[in-house]
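So the structure is just underneath, and the comments pick up after that.
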Amino acid sequence: MMVERGRSLGWLADQVGITNVNLSKIKNNRVSAIRFSTLAAICDALECSPGDILEYEKDDAGADQ
């Protein structure tokens, strides 16, 4: 979505009010949770909806063995 909007990681971090490092972790799926306020700020900055930037992946770690 950042590429589609012509926006850099640094620009988005400034708009959202978080560090480049933390935004990079979110971008690269290296976090286990994200605050709704952060998600809302990202969506506001990129003028998109959460479904445009999130993808659901089933966690098979808790599957019956």
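If you're wondering about the labels, chains in the structure tokens are A, B, ... by order shown, residues count from 1 in each chain, ligands from 1 in order shown.
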Find the residues near segment 25-30 of chain A: any atom within 10 Å, counting only C-alpha atoms, skip ones fewer than 5 places away on the same chain, and give them as a PDB file with C-alpha atoms, in the first residue's frame.
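Dumped everything to selection-v3.pdb:
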```pdb
ATOM      1  CA  LEU A   9       8.659   4.010   5.570  1.00  0.00           C
ATOM      2  CA  THR A  19       9.780   4.759  15.072  1.00  0.00           C
ATOM      3  CA  ASN A  20      11.025   3.468  11.736  1.00  0.00           C
ATOM      4  CA  LEU A  39      -3.600   0.451  12.853  1.00  0.00           C
ATOM      5  CA  ILE A  53      -3.100  -3.960   4.579  1.00  0.00           C
ATOM      6  CA  LEU A  54      -3.876  -6.974   6.781  1.00  0.00           C
TER       7      LEU A  54
END
```
Could you tell me, as a PDB file with all heavy atoms, in the first residue's frame, which residues of segment 5-52 of chain A DSSP assigns to alpha helix (DSSP H) when given the backbone?
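Output saved as out_17.pdb:
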```
ATOM      1  N   ARG A   5       0.861   4.264  -2.851  1.00  0.00           N
ATOM      2  CA  ARG A   5       0.645   5.658  -2.478  1.00  0.00           C
ATOM      3  C   ARG A   5       1.904   6.517  -2.674  1.00  0.00           C
ATOM      4  O   ARG A   5       1.870   7.713  -2.448  1.00  0.00           O
ATOM      5  CB  ARG A   5       0.206   5.769  -1.009  1.00  0.00           C
ATOM      6  CG  ARG A   5      -1.052   4.989  -0.668  1.00  0.00           C
ATOM      7  CD  ARG A   5      -2.285   5.623  -1.292  1.00  0.00           C
ATOM      8  NE  ARG A   5      -3.505   5.102  -0.726  1.00  0.00           N
ATOM      9  CZ  ARG A   5      -4.299   4.223  -1.324  1.00  0.00           C
ATOM     10  NH1 ARG A   5      -3.996   3.761  -2.504  1.00  0.00           N
ATOM     11  NH2 ARG A   5      -5.411   3.813  -0.746  1.00  0.00           N
ATOM     12  N   LEU A   9       8.791   4.481   4.195  1.00  0.00           N
ATOM     13  CA  LEU A   9       8.659   4.010   5.570  1.00  0.00           C
ATOM     14  C   LEU A   9       8.844   5.173   6.540  1.00  0.00           C
ATOM     15  O   LEU A   9       8.101   5.306   7.511  1.00  0.00           O
ATOM     16  CB  LEU A   9       9.684   2.901   5.842  1.00  0.00           C
ATOM     17  CG  LEU A   9       9.522   2.133   7.135  1.00  0.00           C
ATOM     18  CD1 LEU A   9       8.303   1.227   7.069  1.00  0.00           C
ATOM     19  CD2 LEU A   9      10.758   1.310   7.420  1.00  0.00           C
ATOM     20  N   GLY A  10       9.821   6.026   6.270  1.00  0.00           N
ATOM     21  CA  GLY A  10      10.080   7.182   7.135  1.00  0.00           C
ATOM     22  C   GLY A  10       8.903   8.143   7.179  1.00  0.00           C
ATOM     23  O   GLY A  10       8.540   8.653   8.249  1.00  0.00           O
ATOM     24  N   TRP A  11       8.300   8.386   6.022  1.00  0.00           N
ATOM     25  CA  TRP A  11       7.138   9.267   5.967  1.00  0.00           C
ATOM     26  C   TRP A  11       6.001   8.696   6.800  1.00  0.00           C
ATOM     27  O   TRP A  11       5.377   9.413   7.587  1.00  0.00           O
ATOM     28  CB  TRP A  11       6.679   9.460   4.515  1.00  0.00           C
ATOM     29  CG  TRP A  11       5.439  10.282   4.391  1.00  0.00           C
ATOM     30  CD1 TRP A  11       5.374  11.646   4.304  1.00  0.00           C
ATOM     31  CD2 TRP A  11       4.085   9.816   4.394  1.00  0.00           C
ATOM     32  NE1 TRP A  11       4.056  12.050   4.230  1.00  0.00           N
ATOM     33  CE2 TRP A  11       3.234  10.935   4.286  1.00  0.00           C
ATOM     34  CE3 TRP A  11       3.507   8.551   4.462  1.00  0.00           C
ATOM     35  CZ2 TRP A  11       1.855  10.831   4.247  1.00  0.00           C
ATOM     36  CZ3 TRP A  11       2.122   8.450   4.430  1.00  0.00           C
ATOM     37  CH2 TRP A  11       1.314   9.584   4.326  1.00  0.00           C
ATOM     38  N   LEU A  12       5.737   7.399   6.609  1.00  0.00           N
ATOM     39  CA  LEU A  12       4.639   6.769   7.335  1.00  0.00           C
ATOM     40  C   LEU A  12       4.906   6.761   8.832  1.00  0.00           C
ATOM     41  O   LEU A  12       4.009   7.031   9.632  1.00  0.00           O
ATOM     42  CB  LEU A  12       4.387   5.353   6.821  1.00  0.00           C
ATOM     43  CG  LEU A  12       3.176   4.633   7.395  1.00  0.00           C
ATOM     44  CD1 LEU A  12       1.887   5.438   7.177  1.00  0.00           C
ATOM     45  CD2 LEU A  12       3.048   3.243   6.793  1.00  0.00           C
ATOM     46  N   ALA A  13       6.124   6.481   9.234  1.00  0.00           N
ATOM     47  CA  ALA A  13       6.480   6.488  10.656  1.00  0.00           C
ATOM     48  C   ALA A  13       6.216   7.867  11.257  1.00  0.00           C
ATOM     49  O   ALA A  13       5.670   7.976  12.363  1.00  0.00           O
ATOM     50  CB  ALA A  13       7.937   6.083  10.841  1.00  0.00           C
ATOM     51  N   ASP A  14       6.590   8.924  10.537  1.00  0.00           N
ATOM     52  CA  ASP A  14       6.332  10.285  11.020  1.00  0.00           C
ATOM     53  C   ASP A  14       4.838  10.557  11.147  1.00  0.00           C
ATOM     54  O   ASP A  14       4.394  11.157  12.121  1.00  0.00           O
ATOM     55  CB  ASP A  14       6.961  11.322  10.076  1.00  0.00           C
ATOM     56  CG  ASP A  14       8.467  11.380  10.179  1.00  0.00           C
ATOM     57  OD1 ASP A  14       9.029  10.882  11.179  1.00  0.00           O
ATOM     58  OD2 ASP A  14       9.098  11.921   9.239  1.00  0.00           O
ATOM     59  N   GLN A  15       4.053  10.122  10.167  1.00  0.00           N
ATOM     60  CA  GLN A  15       2.612  10.345  10.181  1.00  0.00           C
ATOM     61  C   GLN A  15       1.933   9.602  11.327  1.00  0.00           C
ATOM     62  O   GLN A  15       1.000  10.111  11.937  1.00  0.00           O
ATOM     63  CB  GLN A  15       1.989   9.899   8.854  1.00  0.00           C
ATOM     64  CG  GLN A  15       2.438  10.689   7.653  1.00  0.00           C
ATOM     65  CD  GLN A  15       2.064  12.153   7.753  1.00  0.00           C
ATOM     66  OE1 GLN A  15       0.907  12.482   7.987  1.00  0.00           O
ATOM     67  NE2 GLN A  15       3.036  13.024   7.590  1.00  0.00           N
ATOM     68  N   VAL A  16       2.411   8.390  11.600  1.00  0.00           N
ATOM     69  CA  VAL A  16       1.792   7.533  12.613  1.00  0.00           C
ATOM     70  C   VAL A  16       2.291   7.871  14.014  1.00  0.00           C
ATOM     71  O   VAL A  16       1.585   7.676  15.000  1.00  0.00           O
ATOM     72  CB  VAL A  16       2.043   6.045  12.270  1.00  0.00           C
ATOM     73  CG1 VAL A  16       1.540   5.124  13.360  1.00  0.00           C
ATOM     74  CG2 VAL A  16       1.382   5.702  10.941  1.00  0.00           C
ATOM     75  N   ASN A  20      10.814   4.248  12.955  1.00  0.00           N
ATOM     76  CA  ASN A  20      11.025   3.468  11.736  1.00  0.00           C
ATOM     77  C   ASN A  20      11.212   1.993  12.067  1.00  0.00           C
ATOM     78  O   ASN A  20      10.728   1.120  11.342  1.00  0.00           O
ATOM     79  CB  ASN A  20      12.257   3.960  10.975  1.00  0.00           C
ATOM     80  CG  ASN A  20      12.011   5.238  10.224  1.00  0.00           C
ATOM     81  OD1 ASN A  20      10.938   5.812  10.263  1.00  0.00           O
ATOM     82  ND2 ASN A  20      13.030   5.701   9.533  1.00  0.00           N
ATOM     83  N   VAL A  21      11.936   1.721  13.146  1.00  0.00           N
ATOM     84  CA  VAL A  21      12.214   0.337  13.539  1.00  0.00           C
ATOM     85  C   VAL A  21      10.918  -0.404  13.847  1.00  0.00           C
ATOM     86  O   VAL A  21      10.694  -1.509  13.361  1.00  0.00           O
ATOM     87  CB  VAL A  21      13.177   0.286  14.751  1.00  0.00           C
ATOM     88  CG1 VAL A  21      13.315  -1.126  15.285  1.00  0.00           C
ATOM     89  CG2 VAL A  21      14.548   0.842  14.370  1.00  0.00           C
ATOM     90  N   ASN A  22      10.044   0.208  14.648  1.00  0.00           N
ATOM     91  CA  ASN A  22       8.784  -0.453  14.997  1.00  0.00           C
ATOM     92  C   ASN A  22       7.875  -0.610  13.789  1.00  0.00           C
ATOM     93  O   ASN A  22       7.236  -1.648  13.619  1.00  0.00           O
ATOM     94  CB  ASN A  22       8.067   0.297  16.117  1.00  0.00           C
ATOM     95  CG  ASN A  22       8.723   0.061  17.454  1.00  0.00           C
ATOM     96  OD1 ASN A  22       9.419  -0.927  17.651  1.00  0.00           O
ATOM     97  ND2 ASN A  22       8.516   0.971  18.377  1.00  0.00           N
ATOM     98  N   LEU A  23       7.834   0.398  12.934  1.00  0.00           N
ATOM     99  CA  LEU A  23       7.019   0.285  11.728  1.00  0.00           C
ATOM    100  C   LEU A  23       7.571  -0.797  10.808  1.00  0.00           C
ATOM    101  O   LEU A  23       6.819  -1.551  10.201  1.00  0.00           O
ATOM    102  CB  LEU A  23       6.945   1.628  10.999  1.00  0.00           C
ATOM    103  CG  LEU A  23       6.002   1.666   9.811  1.00  0.00           C
ATOM    104  CD1 LEU A  23       4.581   1.285  10.218  1.00  0.00           C
ATOM    105  CD2 LEU A  23       6.019   3.034   9.166  1.00  0.00           C
ATOM    106  N   SER A  24       8.880  -0.900  10.720  1.00  0.00           N
ATOM    107  CA  SER A  24       9.496  -1.946   9.908  1.00  0.00           C
ATOM    108  C   SER A  24       9.130  -3.327  10.435  1.00  0.00           C
ATOM    109  O   SER A  24       8.862  -4.250   9.657  1.00  0.00           O
ATOM    110  CB  SER A  24      11.018  -1.776   9.888  1.00  0.00           C
ATOM    111  OG  SER A  24      11.626  -2.776   9.112  1.00  0.00           O
ATOM    112  N   LYS A  25       9.099  -3.487  11.754  1.00  0.00           N
ATOM    113  CA  LYS A  25       8.703  -4.768  12.346  1.00  0.00           C
ATOM    114  C   LYS A  25       7.260  -5.114  11.984  1.00  0.00           C
ATOM    115  O   LYS A  25       6.954  -6.264  11.671  1.00  0.00           O
ATOM    116  CB  LYS A  25       8.862  -4.733  13.868  1.00  0.00           C
ATOM    117  CG  LYS A  25      10.297  -4.776  14.321  1.00  0.00           C
ATOM    118  CD  LYS A  25      10.409  -4.703  15.827  1.00  0.00           C
ATOM    119  CE  LYS A  25      11.841  -4.711  16.282  1.00  0.00           C
ATOM    120  NZ  LYS A  25      11.954  -4.611  17.751  1.00  0.00           N
ATOM    121  N   ILE A  26       6.390  -4.113  12.014  1.00  0.00           N
ATOM    122  CA  ILE A  26       4.993  -4.341  11.629  1.00  0.00           C
ATOM    123  C   ILE A  26       4.934  -4.734  10.159  1.00  0.00           C
ATOM    124  O   ILE A  26       4.277  -5.709   9.786  1.00  0.00           O
ATOM    125  CB  ILE A  26       4.143  -3.084  11.897  1.00  0.00           C
ATOM    126  CG1 ILE A  26       4.033  -2.819  13.395  1.00  0.00           C
ATOM    127  CG2 ILE A  26       2.761  -3.224  11.263  1.00  0.00           C
ATOM    128  CD1 ILE A  26       3.455  -1.466  13.760  1.00  0.00           C
ATOM    129  N   LYS A  27       5.631  -3.984   9.326  1.00  0.00           N
ATOM    130  CA  LYS A  27       5.622  -4.211   7.877  1.00  0.00           C
ATOM    131  C   LYS A  27       6.124  -5.604   7.516  1.00  0.00           C
ATOM    132  O   LYS A  27       5.616  -6.245   6.602  1.00  0.00           O
ATOM    133  CB  LYS A  27       6.496  -3.149   7.203  1.00  0.00           C
ATOM    134  CG  LYS A  27       6.601  -3.267   5.706  1.00  0.00           C
ATOM    135  CD  LYS A  27       7.474  -2.125   5.165  1.00  0.00           C
ATOM    136  CE  LYS A  27       7.768  -2.326   3.712  1.00  0.00           C
ATOM    137  NZ  LYS A  27       9.034  -2.997   3.489  1.00  0.00           N
ATOM    138  N   PHE A  36      -4.932  -1.038  18.077  1.00  0.00           N
ATOM    139  CA  PHE A  36      -5.922  -0.535  17.131  1.00  0.00           C
ATOM    140  C   PHE A  36      -5.643   0.914  16.778  1.00  0.00           C
ATOM    141  O   PHE A  36      -5.862   1.337  15.639  1.00  0.00           O
ATOM    142  CB  PHE A  36      -7.344  -0.692  17.677  1.00  0.00           C
ATOM    143  CG  PHE A  36      -7.854  -2.091  17.587  1.00  0.00           C
ATOM    144  CD1 PHE A  36      -8.158  -2.803  18.736  1.00  0.00           C
ATOM    145  CD2 PHE A  36      -8.042  -2.703  16.363  1.00  0.00           C
ATOM    146  CE1 PHE A  36      -8.637  -4.108  18.661  1.00  0.00           C
ATOM    147  CE2 PHE A  36      -8.524  -4.008  16.275  1.00  0.00           C
ATOM    148  CZ  PHE A  36      -8.812  -4.709  17.432  1.00  0.00           C
ATOM    149  N   SER A  37      -5.144   1.691  17.737  1.00  0.00           N
ATOM    150  CA  SER A  37      -4.857   3.105  17.459  1.00  0.00           C
ATOM    151  C   SER A  37      -3.731   3.235  16.433  1.00  0.00           C
ATOM    152  O   SER A  37      -3.764   4.129  15.579  1.00  0.00           O
ATOM    153  CB  SER A  37      -4.489   3.852  18.747  1.00  0.00           C
ATOM    154  OG  SER A  37      -3.360   3.269  19.375  1.00  0.00           O
ATOM    155  N   THR A  38      -2.744   2.336  16.486  1.00  0.00           N
ATOM    156  CA  THR A  38      -1.663   2.347  15.506  1.00  0.00           C
ATOM    157  C   THR A  38      -2.182   1.932  14.141  1.00  0.00           C
ATOM    158  O   THR A  38      -1.869   2.563  13.122  1.00  0.00           O
ATOM    159  CB  THR A  38      -0.516   1.407  15.942  1.00  0.00           C
ATOM    160  OG1 THR A  38      -0.029   1.834  17.230  1.00  0.00           O
ATOM    161  CG2 THR A  38       0.618   1.413  14.944  1.00  0.00           C
ATOM    162  N   LEU A  39      -3.000   0.892  14.105  1.00  0.00           N
ATOM    163  CA  LEU A  39      -3.600   0.451  12.853  1.00  0.00           C
ATOM    164  C   LEU A  39      -4.458   1.560  12.245  1.00  0.00           C
ATOM    165  O   LEU A  39      -4.388   1.830  11.043  1.00  0.00           O
ATOM    166  CB  LEU A  39      -4.441  -0.805  13.082  1.00  0.00           C
ATOM    167  CG  LEU A  39      -5.174  -1.369  11.872  1.00  0.00           C
ATOM    168  CD1 LEU A  39      -4.207  -1.730  10.754  1.00  0.00           C
ATOM    169  CD2 LEU A  39      -5.996  -2.571  12.279  1.00  0.00           C
ATOM    170  N   ALA A  40      -5.234   2.228  13.080  1.00  0.00           N
ATOM    171  CA  ALA A  40      -6.079   3.325  12.598  1.00  0.00           C
ATOM    172  C   ALA A  40      -5.231   4.462  12.044  1.00  0.00           C
ATOM    173  O   ALA A  40      -5.554   5.037  10.995  1.00  0.00           O
ATOM    174  CB  ALA A  40      -6.977   3.825  13.720  1.00  0.00           C
ATOM    175  N   ALA A  41      -4.131   4.782  12.707  1.00  0.00           N
ATOM    176  CA  ALA A  41      -3.250   5.854  12.239  1.00  0.00           C
ATOM    177  C   ALA A  41      -2.601   5.496  10.909  1.00  0.00           C
ATOM    178  O   ALA A  41      -2.461   6.350  10.022  1.00  0.00           O
ATOM    179  CB  ALA A  41      -2.188   6.158  13.295  1.00  0.00           C
ATOM    180  N   ILE A  42      -2.205   4.237  10.741  1.00  0.00           N
ATOM    181  CA  ILE A  42      -1.626   3.778   9.473  1.00  0.00           C
ATOM    182  C   ILE A  42      -2.671   3.900   8.362  1.00  0.00           C
ATOM    183  O   ILE A  42      -2.375   4.412   7.276  1.00  0.00           O
ATOM    184  CB  ILE A  42      -1.104   2.334   9.599  1.00  0.00           C
ATOM    185  CG1 ILE A  42       0.124   2.292  10.505  1.00  0.00           C
ATOM    186  CG2 ILE A  42      -0.778   1.754   8.224  1.00  0.00           C
ATOM    187  CD1 ILE A  42       0.580   0.887  10.895  1.00  0.00           C
ATOM    188  N   CYS A  43      -3.876   3.444   8.650  1.00  0.00           N
ATOM    189  CA  CYS A  43      -4.948   3.517   7.649  1.00  0.00           C
ATOM    190  C   CYS A  43      -5.294   4.962   7.303  1.00  0.00           C
ATOM    191  O   CYS A  43      -5.519   5.284   6.130  1.00  0.00           O
ATOM    192  CB  CYS A  43      -6.184   2.767   8.133  1.00  0.00           C
ATOM    193  SG  CYS A  43      -5.958   0.977   8.135  1.00  0.00           S
ATOM    194  N   ASP A  44      -5.321   5.830   8.300  1.00  0.00           N
ATOM    195  CA  ASP A  44      -5.593   7.250   8.034  1.00  0.00           C
ATOM    196  C   ASP A  44      -4.520   7.840   7.130  1.00  0.00           C
ATOM    197  O   ASP A  44      -4.824   8.538   6.169  1.00  0.00           O
ATOM    198  CB  ASP A  44      -5.658   8.049   9.339  1.00  0.00           C
ATOM    199  CG  ASP A  44      -6.947   7.832  10.113  1.00  0.00           C
ATOM    200  OD1 ASP A  44      -7.921   7.308   9.535  1.00  0.00           O
ATOM    201  OD2 ASP A  44      -6.966   8.186  11.306  1.00  0.00           O
ATOM    202  N   ALA A  45      -3.259   7.554   7.438  1.00  0.00           N
ATOM    203  CA  ALA A  45      -2.150   8.111   6.667  1.00  0.00           C
ATOM    204  C   ALA A  45      -2.148   7.606   5.228  1.00  0.00           C
ATOM    205  O   ALA A  45      -1.853   8.361   4.301  1.00  0.00           O
ATOM    206  CB  ALA A  45      -0.821   7.787   7.349  1.00  0.00           C
ATOM    207  N   LEU A  46      -2.471   6.327   5.054  1.00  0.00           N
ATOM    208  CA  LEU A  46      -2.446   5.729   3.712  1.00  0.00           C
ATOM    209  C   LEU A  46      -3.797   5.800   3.001  1.00  0.00           C
ATOM    210  O   LEU A  46      -3.923   5.327   1.868  1.00  0.00           O
ATOM    211  CB  LEU A  46      -1.983   4.275   3.802  1.00  0.00           C
ATOM    212  CG  LEU A  46      -0.542   4.064   4.254  1.00  0.00           C
ATOM    213  CD1 LEU A  46      -0.242   2.581   4.413  1.00  0.00           C
ATOM    214  CD2 LEU A  46       0.428   4.708   3.277  1.00  0.00           C
ATOM    215  N   PRO A  50      -8.320  -1.328   7.019  1.00  0.00           N
ATOM    216  CA  PRO A  50      -7.476  -2.394   7.560  1.00  0.00           C
ATOM    217  C   PRO A  50      -7.373  -3.608   6.630  1.00  0.00           C
ATOM    218  O   PRO A  50      -6.303  -4.200   6.507  1.00  0.00           O
ATOM    219  CB  PRO A  50      -8.155  -2.762   8.876  1.00  0.00           C
ATOM    220  CG  PRO A  50      -8.821  -1.504   9.305  1.00  0.00           C
ATOM    221  CD  PRO A  50      -9.298  -0.871   8.021  1.00  0.00           C
ATOM    222  N   GLY A  51      -8.456  -3.963   5.967  1.00  0.00           N
ATOM    223  CA  GLY A  51      -8.444  -5.102   5.055  1.00  0.00           C
ATOM    224  C   GLY A  51      -7.512  -4.912   3.867  1.00  0.00           C
ATOM    225  O   GLY A  51      -7.120  -5.883   3.224  1.00  0.00           O
ATOM    226  N   ASP A  52      -7.148  -3.670   3.572  1.00  0.00           N
ATOM    227  CA  ASP A  52      -6.219  -3.403   2.473  1.00  0.00           C
ATOM    228  C   ASP A  52      -4.776  -3.734   2.846  1.00  0.00           C
ATOM    229  O   ASP A  52      -3.945  -3.957   1.970  1.00  0.00           O
ATOM    230  CB  ASP A  52      -6.284  -1.928   2.056  1.00  0.00           C
ATOM    231  CG  ASP A  52      -7.636  -1.530   1.497  1.00  0.00           C
ATOM    232  OD1 ASP A  52      -8.306  -2.398   0.885  1.00  0.00           O
ATOM    233  OD2 ASP A  52      -8.025  -0.364   1.677  1.00  0.00           O
TER     234      ASP A  52
END
```
